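Q: Dropping a structure here in structure tokens format, bear with me for questions.
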Amino acid sequence: MKLRKLIITAFCAGMAVHASAAPLMLSAKLDSATMLMGTVNTLRLQVVQDKGTAGEFPQLAGIRERGYATLLNDTIELGARIKADTTEIGSGRVQIDYQVPVQVFDSGYYRLPEFVYVAGRDTARSKQLVLTVTPVKVTAEDEISPMTPPADPENPSIFDSIPDWLYYWWWVALLVALLAVGGWWAWKRYRKEGTILSPKPELPAHIVALQRLERLKKLKLWQSGQEKEFYTKLTDILRSYLDKRFGIKAMEMTTGQIMDKLAEDSSMRESRQMMRQVLDMADFVKFAMARPLPDDNVKAFDNAVAFVEATKPVDKPADDNEEEDSEKVDKAPANAGRKSDAKRKGGEA
């Protein structure tokens, strides 16, 4: 008899321990996994716990004072009008069903965080929920119903009329506009001039000729027995100079034709003799297969330089500087002599 009472007492104590050790449970679900932006959905939280145990949701703390709580950086708003129904389910346990209003004011796909319920030392977590919010398709003439139409800002400014994409991405719009203007300009320039970049300005004809003569001098062709190549290059430089300086197509002319063309200009009476000496010596070497004396080569080179110097363009002096220019002319003969000596030395190897 005593053994029977002992077994019954142990069984009742085990049942009490089992009942007190029942776990805290929390589940969560949405009435709809898809909702229209701005409309109200319902979040249902179900808690199963021991009767008489007080608990709370940390994520909803202070919701009644503020009137709302937020999730995901204020993207999702939970309303303060929460309904809670409690039902006893036996064995000292109760089930509490919460209904929480949910609103989202931006379309997109959202993954809600786990909801947490704390009762004493116990903590329960729900599974994560997913929610798809679709945008409201309206035109400027449509009324937004049943939602409240947007209100005008308290302090309106000119920036309120600027579209959001332009407000945040103005630099992209500016870049696109600049590229469009640049592309149009490049296309117009290419059609007009056949190139986009500005052509490099050409040097004056006499500068180019003197530079080429200086390079020819450094080659020392006739000094190494290449008289024919020396005179070929020398005459090519002068023919090219005549073309660019005077428009004379000398590259296609014979020596006689070049001299006849130069005779048409009376200002070239003296310089024409320099050109004749160079061309005659070149014909002598190229066609007669003769080898001129070194002095002849030096003279031909110096005459080529002198011809370019004598026929290069000269800037006209200003009227208020005529007296100063006349003084320079008086000193010219002495300087000219020194320049002539320098040219003779420049043609020598």
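For the structure tokens, the naming scheme is as follows: chains receive sequential letters (A, B, ...) according to their order of presentation, residues are indexed from 1 within each chain, and ligands are indexed from 1 in presentation order.
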Any idea what's packed within 6 Å of stretch 78-91 of chain A, counting only C-alpha atoms, ignoring anything in its chain fewer than 5 positions away? Could you give it as a list in words?

A: Ile63, Arg64, Gly67, Tyr68, Ala69, Thr70, Ile96, Asp97, Tyr98, Gln99, Val100, Pro101 and Val102 of chain A

Q: What would the file look like if the residues just selected were written as a PDB file, in the first residue's frame with N, CA, C and O atoms?

A:
ATOM      1  N   ILE A  63       5.997  50.878 -29.037  1.00  0.00           N
ATOM      2  CA  ILE A  63       5.170  51.097 -30.222  1.00  0.00           C
ATOM      3  C   ILE A  63       3.917  51.908 -29.911  1.00  0.00           C
ATOM      4  O   ILE A  63       3.470  52.718 -30.708  1.00  0.00           O
ATOM      5  N   ARG A  64       3.372  51.738 -28.699  1.00  0.00           N
ATOM      6  CA  ARG A  64       2.134  52.447 -28.357  1.00  0.00           C
ATOM      7  C   ARG A  64       2.419  53.929 -28.092  1.00  0.00           C
ATOM      8  O   ARG A  64       1.581  54.783 -28.379  1.00  0.00           O
ATOM      9  N   GLY A  67       3.348  55.213 -31.725  1.00  0.00           N
ATOM     10  CA  GLY A  67       2.280  54.988 -32.694  1.00  0.00           C
ATOM     11  C   GLY A  67       2.674  54.025 -33.802  1.00  0.00           C
ATOM     12  O   GLY A  67       1.844  53.622 -34.600  1.00  0.00           O
ATOM     13  N   TYR A  68       3.948  53.622 -33.833  1.00  0.00           N
ATOM     14  CA  TYR A  68       4.415  52.698 -34.869  1.00  0.00           C
ATOM     15  C   TYR A  68       5.798  52.180 -34.479  1.00  0.00           C
ATOM     16  O   TYR A  68       6.473  52.727 -33.602  1.00  0.00           O
ATOM     17  N   ALA A  69       6.210  51.111 -35.152  1.00  0.00           N
ATOM     18  CA  ALA A  69       7.572  50.574 -35.065  1.00  0.00           C
ATOM     19  C   ALA A  69       8.014  50.234 -36.484  1.00  0.00           C
ATOM     20  O   ALA A  69       7.179  50.023 -37.375  1.00  0.00           O
ATOM     21  N   THR A  70       9.304  50.190 -36.691  1.00  0.00           N
ATOM     22  CA  THR A  70       9.801  49.985 -38.054  1.00  0.00           C
ATOM     23  C   THR A  70      10.764  48.797 -38.111  1.00  0.00           C
ATOM     24  O   THR A  70      11.388  48.422 -37.113  1.00  0.00           O
ATOM     25  N   ILE A  96      -1.473  32.833 -27.261  1.00  0.00           N
ATOM     26  CA  ILE A  96      -1.780  34.256 -27.481  1.00  0.00           C
ATOM     27  C   ILE A  96      -1.581  34.543 -28.965  1.00  0.00           C
ATOM     28  O   ILE A  96      -0.501  34.319 -29.520  1.00  0.00           O
ATOM     29  N   ASP A  97      -2.640  35.044 -29.608  1.00  0.00           N
ATOM     30  CA  ASP A  97      -2.595  35.383 -31.035  1.00  0.00           C
ATOM     31  C   ASP A  97      -2.577  36.905 -31.187  1.00  0.00           C
ATOM     32  O   ASP A  97      -3.524  37.593 -30.774  1.00  0.00           O
ATOM     33  N   TYR A  98      -1.496  37.406 -31.799  1.00  0.00           N
ATOM     34  CA  TYR A  98      -1.347  38.839 -32.031  1.00  0.00           C
ATOM     35  C   TYR A  98      -1.612  39.132 -33.513  1.00  0.00           C
ATOM     36  O   TYR A  98      -1.170  38.401 -34.397  1.00  0.00           O
ATOM     37  N   GLN A  99      -2.315  40.233 -33.750  1.00  0.00           N
ATOM     38  CA  GLN A  99      -2.535  40.721 -35.108  1.00  0.00           C
ATOM     39  C   GLN A  99      -1.925  42.126 -35.212  1.00  0.00           C
ATOM     40  O   GLN A  99      -2.386  43.060 -34.556  1.00  0.00           O
ATOM     41  N   VAL A 100      -0.867  42.258 -36.057  1.00  0.00           N
ATOM     42  CA  VAL A 100      -0.111  43.512 -36.153  1.00  0.00           C
ATOM     43  C   VAL A 100      -0.293  44.082 -37.563  1.00  0.00           C
ATOM     44  O   VAL A 100       0.011  43.405 -38.552  1.00  0.00           O
ATOM     45  N   PRO A 101      -0.788  45.329 -37.698  1.00  0.00           N
ATOM     46  CA  PRO A 101      -0.911  45.934 -39.032  1.00  0.00           C
ATOM     47  C   PRO A 101       0.479  46.208 -39.642  1.00  0.00           C
ATOM     48  O   PRO A 101       1.391  46.661 -38.953  1.00  0.00           O
ATOM     49  N   VAL A 102       0.592  45.945 -40.937  1.00  0.00           N
ATOM     50  CA  VAL A 102       1.858  46.135 -41.651  1.00  0.00           C
ATOM     51  C   VAL A 102       1.602  47.004 -42.881  1.00  0.00           C
ATOM     52  O   VAL A 102       0.663  46.751 -43.641  1.00  0.00           O
TER      53      VAL A 102
END

Q: Run DSSP on the backbone of this structure and report the residues of stretch 208-297 of chain A it assigns to alpha helix (DSSP H), as a PyMOL selection string.

A: chain A and resi 208-219+227-246+255-263+271-288+294-297

Q: Env of A:Phe307: 12 Å cut, atoms = only C-alpha atoms, seq-sep filter 5 positions within chain, self excluded. Answer as a count of residues only.

A: 27

Q: Of the residues A:Glu309, A:Trp170, A:Ala304, A:Phe105, which is the one nearest to A:Thr134, using only C-alpha atoms?

A: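 Among A:Glu309, A:Trp170, A:Ala304, A:Phe105, it is A:Phe105 that comes nearest to A:Thr134.
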
Q: Need to verify the contact set: A:Glu56, 8 Å, only C-alpha atoms, exclusion of same-chain residues closer than 5 positions in sequence. Can you return it as an mmCIF file with N, CA and C atoms, in the first residue's frame?

A:
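around07.cif, written as the output of this step:
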data_model
loop_
_atom_site.group_PDB
_atom_site.id
_atom_site.type_symbol
_atom_site.label_atom_id
_atom_site.label_comp_id
_atom_site.auth_asym_id
_atom_site.auth_seq_id
_atom_site.Cartn_x
_atom_site.Cartn_y
_atom_site.Cartn_z
ATOM 1 N N ALA A 61 8.871 47.276 -28.802
ATOM 2 C CA ALA A 61 8.980 48.095 -27.594
ATOM 3 C C ALA A 61 8.707 49.564 -27.919
ATOM 4 N N TYR A 117 10.518 36.815 -29.012
ATOM 5 C CA TYR A 117 9.612 36.957 -27.872
ATOM 6 C C TYR A 117 10.363 36.506 -26.628
ATOM 7 N N VAL A 118 10.360 37.358 -25.604
ATOM 8 C CA VAL A 118 11.103 37.077 -24.369
ATOM 9 C C VAL A 118 10.108 36.968 -23.227
ATOM 10 N N ALA A 119 10.155 35.828 -22.508
ATOM 11 C CA ALA A 119 9.294 35.597 -21.339
ATOM 12 C C ALA A 119 10.173 35.087 -20.209
#

Q: At what distance in Å, to one decimal, does atom CA of A:Ile258 lie from atom CA of A:Gly225?

A: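 Between atom CA of A:Gly225 and atom CA of A:Ile258 the gap works out to 27.8 Å.
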
Q: One decimal, Å: what's the distance from atom CA of A:Asp280 over to atom CA of A:Gly247, could you say?

A: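 Taking atom CA of A:Asp280 as the start and atom CA of A:Gly247 as the end point, the length is 21.9 Å.
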
Q: Enter the distance from atom CA of A:Ala177 to atom CA of A:Phe159, in Å, rounded to one decimal.

A: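 If I compute the distance from atom CA of A:Ala177 to atom CA of A:Phe159, I get 20.2 Å.
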